[in-house]
Amino acid sequence: MEGNRHDHAHDDTHAHHHSAVPHSHVAADKVDAAMETSREGMRTLWISLAVLAVTALLQAVIVGLSGSVALLGDTIHNAADALTAVPLGIAFVLGRRAANRRYTYGYGRSEDLAGIVIVATIGASAAAAAYVAVDRLLHPREVTHLWAVCAAALIGFAGNEWVARYRIRTGRRIGSAALAADGLHARTDGFTSLAVLLGAGGAALGWRAADPVVGLLITLAILLVLKDAAREVCRRLMDSVDPALVDSAESALRAVDGVLGTGQVRMRWIGHALRAEADIVVAPHLTVVQAHELAVAAEHALIHAVPRLTAATVHTDHPPLAHQAEAEFPASHGPAPRTGG
């Protein structure tokens with residue numbers, strides 16, 4: 001720690017309660033890491049957008065040829081999934097902006113707003129698919145070019161599954177709940193594409209209602225995705241974190257030499273980066289500089305132990321004085337001496 005010490009002789013008596021920004025070079029590294037994850041997220045978005053756009057375009061051509069409502073619903077959903085890259089892309093660009101006096105934590109929470117837009121888009125695609133399917137049930141028509149419909153279903157599955165794996169993998173690696181939720185959305189799109197095969201099979205057997213019925217089943221699948229995505233986004237808006245992260249943080253703090261115990265540990269996501277606030281218990285005889293150095297050590301331990309954690313504020317406290325007196329003057333030696341008048 002000697003090489004990383006700061007001169008805090010000018011600090012007032014409250015300075016030991018909080019760790020200051022520990023080291024400027026560490027902060028710069030964290031900013032660079034955040035920029036890199038944003039770039040990775042943007043790359044994932046635009047590549048998946050291109051794949052889904054091509055998929056939806058191919059399906060739209062076959063919809064025009066066949067008149068399949070089930071395939072139309074799948075195409076609408078794929079197009080909507082491609083368009084969700086737009087709000088996420090805006091969020092990633094905003095997230096790169098530096099913090100200022102109005103947005104003191106930066107613009108990372110714009111990803112949560114993008115998540116709301118994505119949920120709304122999923123809901124709109126479900127409503128559109130349901131409307132078309134019900135209309136076709138009321139006004140049936142024959143589906144043609146069934147072989148092309150089957151091919152489009154397989155194309156839809158392949159495109160969506162590739163995009164799903166790509167988005168989920170990147171979202172989890174960079175800590176973006178919105179991107180991971182978008183990947184889950186794409187995965188369900190892939191399975192709904194396969195459902196189009198059922199409609200084509202039913203139509204081939206002469207069951208005219210098979211196609212719109214499958215369209216309604218696709219709508220149900222979209223609603224299930226909507227539920228999962230909405231739950232994930234709402235949890236993030238409510239500052240939800242995995243309890244295992246808190247457990248890891250507490251274990252890391254207790255392992256720091258000089259930390260006698262831990263108090264409250266709080267975390268929240270700011271975009272795809274975590275921030276933490278923690279209370280630690282230290283010996284009361286420590287000087288201001290010693291307590292500060294211990295807080296910095298605790299902060300370093302947290303950042304190394306918790307994935308995606310970019311900053312932490314550590315508050316130091318001492319054991320209750322009554323406990324100190326009891327420890328220094330056990331009951332077997334008589335009552336502790338009075339310290340006051």
# chains A, B, ... in the order shown; residues from 1 in each chain; ligands from 1
>>> residues_around(residues="A:Ala126", least_positions_apart="4", cutoff="10 Å", atoms="only C-alpha atoms", output="ChimeraX atom specification")
/A:73-74,76-77,80,120-122,130-131,216,218-223,225-226
>>> write_last_selection(atoms="all heavy atoms", output="tab-separated table (two decimals), in the first residue's frame")
chain	number	residue	atom	x	y	z
A	73	GLY	N	-47.13	-13.01	-38.41
A	73	GLY	CA	-46.90	-12.71	-37.00
A	73	GLY	C	-45.45	-12.88	-36.62
A	73	GLY	O	-44.88	-12.06	-35.88
A	74	ASP	N	-44.82	-13.93	-37.14
A	74	ASP	CA	-43.41	-14.16	-36.85
A	74	ASP	C	-42.54	-13.06	-37.47
A	74	ASP	O	-41.57	-12.60	-36.86
A	74	ASP	CB	-43.00	-15.53	-37.39
A	74	ASP	CG	-41.63	-15.96	-36.89
A	74	ASP	OD1	-41.36	-15.78	-35.69
A	74	ASP	OD2	-40.85	-16.46	-37.70
A	76	ILE	N	-43.48	-9.93	-38.10
A	76	ILE	CA	-43.68	-8.71	-37.31
A	76	ILE	C	-42.80	-8.74	-36.07
A	76	ILE	O	-42.14	-7.74	-35.72
A	76	ILE	CB	-45.16	-8.56	-36.91
A	76	ILE	CG1	-46.02	-8.24	-38.13
A	76	ILE	CG2	-45.33	-7.47	-35.84
A	76	ILE	CD1	-47.51	-8.24	-37.84
A	77	HIS	N	-42.77	-9.89	-35.44
A	77	HIS	CA	-41.98	-10.01	-34.21
A	77	HIS	C	-40.49	-9.88	-34.50
A	77	HIS	O	-39.75	-9.23	-33.75
A	77	HIS	CB	-42.29	-11.37	-33.56
A	77	HIS	CG	-41.94	-11.40	-32.11
A	77	HIS	ND1	-41.86	-12.56	-31.39
A	77	HIS	CD2	-41.65	-10.42	-31.24
A	77	HIS	CE1	-41.54	-12.29	-30.15
A	77	HIS	NE2	-41.40	-10.99	-30.02
A	80	ALA	N	-39.75	-6.25	-35.15
A	80	ALA	CA	-39.76	-5.49	-33.90
A	80	ALA	C	-38.50	-5.77	-33.09
A	80	ALA	O	-37.92	-4.85	-32.48
A	80	ALA	CB	-41.00	-5.86	-33.08
A	120	ALA	N	-42.16	-2.27	-24.26
A	120	ALA	CA	-43.31	-1.71	-24.98
A	120	ALA	C	-43.35	-2.24	-26.42
A	120	ALA	O	-44.42	-2.53	-26.96
A	120	ALA	CB	-43.24	-0.19	-24.97
A	121	THR	N	-42.18	-2.38	-27.04
A	121	THR	CA	-42.12	-2.89	-28.41
A	121	THR	C	-42.59	-4.34	-28.48
A	121	THR	O	-43.32	-4.74	-29.39
A	121	THR	CB	-40.69	-2.78	-28.96
A	121	THR	OG1	-40.27	-1.41	-28.89
A	121	THR	CG2	-40.61	-3.27	-30.39
A	122	ILE	N	-42.17	-5.15	-27.51
A	122	ILE	CA	-42.61	-6.54	-27.45
A	122	ILE	C	-44.13	-6.59	-27.31
A	122	ILE	O	-44.82	-7.38	-27.97
A	122	ILE	CB	-41.93	-7.29	-26.29
A	122	ILE	CG1	-40.42	-7.33	-26.50
A	122	ILE	CG2	-42.48	-8.71	-26.17
A	122	ILE	CD1	-39.65	-7.91	-25.33
A	130	ALA	N	-51.71	-10.74	-32.65
A	130	ALA	CA	-53.02	-11.23	-32.22
A	130	ALA	C	-54.12	-10.68	-33.12
A	130	ALA	O	-55.05	-11.42	-33.50
A	130	ALA	CB	-53.28	-10.82	-30.77
A	131	TYR	N	-54.04	-9.41	-33.46
A	131	TYR	CA	-55.06	-8.79	-34.32
A	131	TYR	C	-55.15	-9.49	-35.67
A	131	TYR	O	-56.24	-9.84	-36.14
A	131	TYR	CB	-54.76	-7.31	-34.50
A	131	TYR	CG	-55.69	-6.62	-35.48
A	131	TYR	CD1	-56.94	-6.19	-35.07
A	131	TYR	CD2	-55.30	-6.44	-36.81
A	131	TYR	CE1	-57.81	-5.57	-35.98
A	131	TYR	CE2	-56.15	-5.82	-37.72
A	131	TYR	CZ	-57.40	-5.39	-37.29
A	131	TYR	OH	-58.25	-4.80	-38.18
A	216	LEU	N	-52.06	-17.31	-33.17
A	216	LEU	CA	-52.44	-17.00	-31.79
A	216	LEU	C	-51.47	-17.63	-30.79
A	216	LEU	O	-51.16	-17.04	-29.74
A	216	LEU	CB	-53.87	-17.49	-31.52
A	216	LEU	CG	-54.99	-16.70	-32.22
A	216	LEU	CD1	-56.34	-17.35	-31.96
A	216	LEU	CD2	-55.00	-15.25	-31.73
A	218	ILE	N	-48.34	-18.10	-31.35
A	218	ILE	CA	-47.16	-17.24	-31.39
A	218	ILE	C	-47.37	-16.00	-30.53
A	218	ILE	O	-46.46	-15.55	-29.82
A	218	ILE	CB	-46.85	-16.85	-32.85
A	218	ILE	CG1	-46.32	-18.07	-33.62
A	218	ILE	CG2	-45.85	-15.70	-32.91
A	218	ILE	CD1	-46.11	-17.81	-35.09
A	219	THR	N	-48.59	-15.46	-30.56
A	219	THR	CA	-48.91	-14.31	-29.70
A	219	THR	C	-48.73	-14.67	-28.24
A	219	THR	O	-48.19	-13.88	-27.44
A	219	THR	CB	-50.36	-13.85	-29.95
A	219	THR	OG1	-50.50	-13.48	-31.32
A	219	THR	CG2	-50.71	-12.67	-29.06
A	220	LEU	N	-49.17	-15.87	-27.85
A	220	LEU	CA	-49.01	-16.31	-26.46
A	220	LEU	C	-47.54	-16.41	-26.09
A	220	LEU	O	-47.12	-15.99	-25.00
A	220	LEU	CB	-49.70	-17.67	-26.28
A	220	LEU	CG	-49.59	-18.29	-24.88
A	220	LEU	CD1	-50.23	-17.39	-23.84
A	220	LEU	CD2	-50.24	-19.68	-24.87
A	221	ALA	N	-46.73	-16.93	-27.01
A	221	ALA	CA	-45.29	-17.03	-26.74
A	221	ALA	C	-44.67	-15.65	-26.56
A	221	ALA	O	-43.80	-15.44	-25.70
A	221	ALA	CB	-44.60	-17.78	-27.88
A	222	ILE	N	-45.12	-14.70	-27.39
A	222	ILE	CA	-44.62	-13.33	-27.26
A	222	ILE	C	-44.97	-12.75	-25.89
A	222	ILE	O	-44.16	-12.06	-25.25
A	222	ILE	CB	-45.16	-12.43	-28.38
A	222	ILE	CG1	-44.71	-12.94	-29.75
A	222	ILE	CG2	-44.71	-10.98	-28.19
A	222	ILE	CD1	-45.34	-12.20	-30.92
A	223	LEU	N	-46.17	-13.05	-25.41
A	223	LEU	CA	-46.59	-12.54	-24.10
A	223	LEU	C	-45.75	-13.14	-22.97
A	223	LEU	O	-45.47	-12.47	-21.97
A	223	LEU	CB	-48.08	-12.87	-23.88
A	223	LEU	CG	-49.06	-12.08	-24.76
A	223	LEU	CD1	-50.49	-12.56	-24.52
A	223	LEU	CD2	-48.96	-10.58	-24.49
A	225	VAL	N	-42.60	-13.98	-23.26
A	225	VAL	CA	-41.35	-13.23	-23.32
A	225	VAL	C	-41.53	-11.86	-22.69
A	225	VAL	O	-40.67	-11.36	-21.96
A	225	VAL	CB	-40.89	-13.09	-24.78
A	225	VAL	CG1	-39.67	-12.18	-24.87
A	225	VAL	CG2	-40.56	-14.45	-25.36
A	226	LEU	N	-42.69	-11.25	-22.95
A	226	LEU	CA	-42.98	-9.93	-22.39
A	226	LEU	C	-42.94	-9.98	-20.86
A	226	LEU	O	-42.39	-9.08	-20.22
A	226	LEU	CB	-44.35	-9.46	-22.88
A	226	LEU	CG	-44.87	-8.13	-22.33
A	226	LEU	CD1	-43.96	-7.00	-22.75
A	226	LEU	CD2	-46.30	-7.88	-22.82
>>> residues_around(residues="stretch 198-215 of chain A", least_positions_apart="5", cutoff="7 Å", atoms="only C-alpha atoms", output="list in words")
Ser68, Val69, Ala70, Gly73, Ala129, Ala133, Val134, Arg136, Leu137, Pro140, Glu142, Val143, Leu146, Val149 and Cys150 of chain A
>>> atom_distance(atom1="atom CA of A:His139", atom2="atom CA of A:Gly64")
17.3 Å
>>> closest_residue(among="A:Ile62, A:Arg109, A:Leu52, A:Gly183", to="A:Ala153", atoms="only C-alpha atoms")
A:Ile62
>>> closest_atom_pairs(of="stretch 178-275 of chain A", to="stretch 300-309 of chain A", cutoff="9 Å", atoms="only C-alpha atoms", output="JSON lines")
{"residue": "A:Leu245", "atom": "CA", "partner": "A:Val306", "partner_atom": "CA", "distance": 6.4}
{"residue": "A:Val246", "atom": "CA", "partner": "A:Val306", "partner_atom": "CA", "distance": 8.5}
{"residue": "A:Ser248", "atom": "CA", "partner": "A:Val306", "partner_atom": "CA", "distance": 6.6}
{"residue": "A:Ala249", "atom": "CA", "partner": "A:Leu302", "partner_atom": "CA", "distance": 5.7}
{"residue": "A:Glu250", "atom": "CA", "partner": "A:Leu302", "partner_atom": "CA", "distance": 8.4}
{"residue": "A:Ser251", "atom": "CA", "partner": "A:Ala305", "partner_atom": "CA", "distance": 8.9}
{"residue": "A:Ala252", "atom": "CA", "partner": "A:Ala301", "partner_atom": "CA", "distance": 5.9}
{"residue": "A:Leu253", "atom": "CA", "partner": "A:Ala301", "partner_atom": "CA", "distance": 6.7}
{"residue": "A:Ala255", "atom": "CA", "partner": "A:Ala301", "partner_atom": "CA", "distance": 8.5}
{"residue": "A:Val256", "atom": "CA", "partner": "A:Ala301", "partner_atom": "CA", "distance": 7.3}
{"residue": "A:Met267", "atom": "CA", "partner": "A:Leu309", "partner_atom": "CA", "distance": 9.0}
{"residue": "A:Trp269", "atom": "CA", "partner": "A:Leu309", "partner_atom": "CA", "distance": 8.9}
{"residue": "A:His272", "atom": "CA", "partner": "A:Arg308", "partner_atom": "CA", "distance": 7.4}
{"residue": "A:Ala273", "atom": "CA", "partner": "A:Arg308", "partner_atom": "CA", "distance": 5.3}
{"residue": "A:Leu274", "atom": "CA", "partner": "A:Leu309", "partner_atom": "CA", "distance": 4.4}
{"residue": "A:Arg275", "atom": "CA", "partner": "A:Leu309", "partner_atom": "CA", "distance": 5.8}
>>> write_last_selection(atoms="N, CA, C and O atoms", output="short mmCIF file (atom, residue, chain, number, x, y, z; two decimals), in the first residue's frame")
data_model
loop_
_atom_site.label_atom_id
_atom_site.label_comp_id
_atom_site.auth_asym_id
_atom_site.auth_seq_id
_atom_site.Cartn_x
_atom_site.Cartn_y
_atom_site.Cartn_z
N LEU A 245 -23.94 -11.48 -5.08
CA LEU A 245 -22.97 -10.40 -5.17
C LEU A 245 -22.75 -9.73 -3.82
O LEU A 245 -21.63 -9.39 -3.45
N VAL A 246 -23.82 -9.57 -3.07
CA VAL A 246 -23.71 -8.99 -1.73
C VAL A 246 -22.92 -9.92 -0.82
O VAL A 246 -22.09 -9.48 -0.02
N SER A 248 -20.61 -12.02 -1.73
CA SER A 248 -19.21 -11.92 -2.13
C SER A 248 -18.57 -10.65 -1.58
O SER A 248 -17.41 -10.67 -1.12
N ALA A 249 -19.32 -9.56 -1.61
CA ALA A 249 -18.80 -8.29 -1.10
C ALA A 249 -18.52 -8.37 0.40
O ALA A 249 -17.47 -7.93 0.88
N GLU A 250 -19.47 -8.93 1.15
CA GLU A 250 -19.28 -9.04 2.60
C GLU A 250 -18.10 -9.94 2.93
O GLU A 250 -17.32 -9.64 3.85
N SER A 251 -17.94 -11.04 2.22
CA SER A 251 -16.80 -11.93 2.47
C SER A 251 -15.48 -11.23 2.17
O SER A 251 -14.50 -11.38 2.91
N ALA A 252 -15.45 -10.45 1.09
CA ALA A 252 -14.23 -9.73 0.74
C ALA A 252 -13.88 -8.69 1.79
O ALA A 252 -12.70 -8.51 2.14
N LEU A 253 -14.87 -8.01 2.31
CA LEU A 253 -14.62 -7.00 3.34
C LEU A 253 -14.10 -7.63 4.62
O LEU A 253 -13.16 -7.13 5.25
N ALA A 255 -12.42 -10.23 4.93
CA ALA A 255 -11.09 -10.79 4.73
C ALA A 255 -9.99 -9.74 4.79
O ALA A 255 -8.80 -10.09 4.84
N VAL A 256 -10.34 -8.48 4.79
CA VAL A 256 -9.34 -7.40 4.84
C VAL A 256 -8.75 -7.32 6.24
O VAL A 256 -9.48 -7.23 7.23
N MET A 267 -25.74 -2.14 -3.11
CA MET A 267 -25.25 -2.08 -4.48
C MET A 267 -26.38 -1.64 -5.40
O MET A 267 -27.55 -1.87 -5.11
N TRP A 269 -27.05 -1.02 -9.92
CA TRP A 269 -26.53 -0.97 -11.28
C TRP A 269 -26.71 0.43 -11.84
O TRP A 269 -27.76 1.03 -11.71
N HIS A 272 -24.49 -0.81 -17.18
CA HIS A 272 -23.95 -2.15 -17.01
C HIS A 272 -22.73 -2.15 -16.11
O HIS A 272 -21.83 -2.98 -16.25
N ALA A 273 -22.69 -1.20 -15.15
CA ALA A 273 -21.64 -1.16 -14.14
C ALA A 273 -22.28 -1.08 -12.75
O ALA A 273 -23.34 -0.48 -12.58
N LEU A 274 -21.62 -1.70 -11.79
CA LEU A 274 -22.11 -1.70 -10.41
C LEU A 274 -21.40 -0.64 -9.59
O LEU A 274 -20.22 -0.36 -9.78
N ARG A 275 -22.14 -0.05 -8.64
CA ARG A 275 -21.57 0.82 -7.62
C ARG A 275 -22.00 0.28 -6.27
O ARG A 275 -23.07 -0.32 -6.14
#
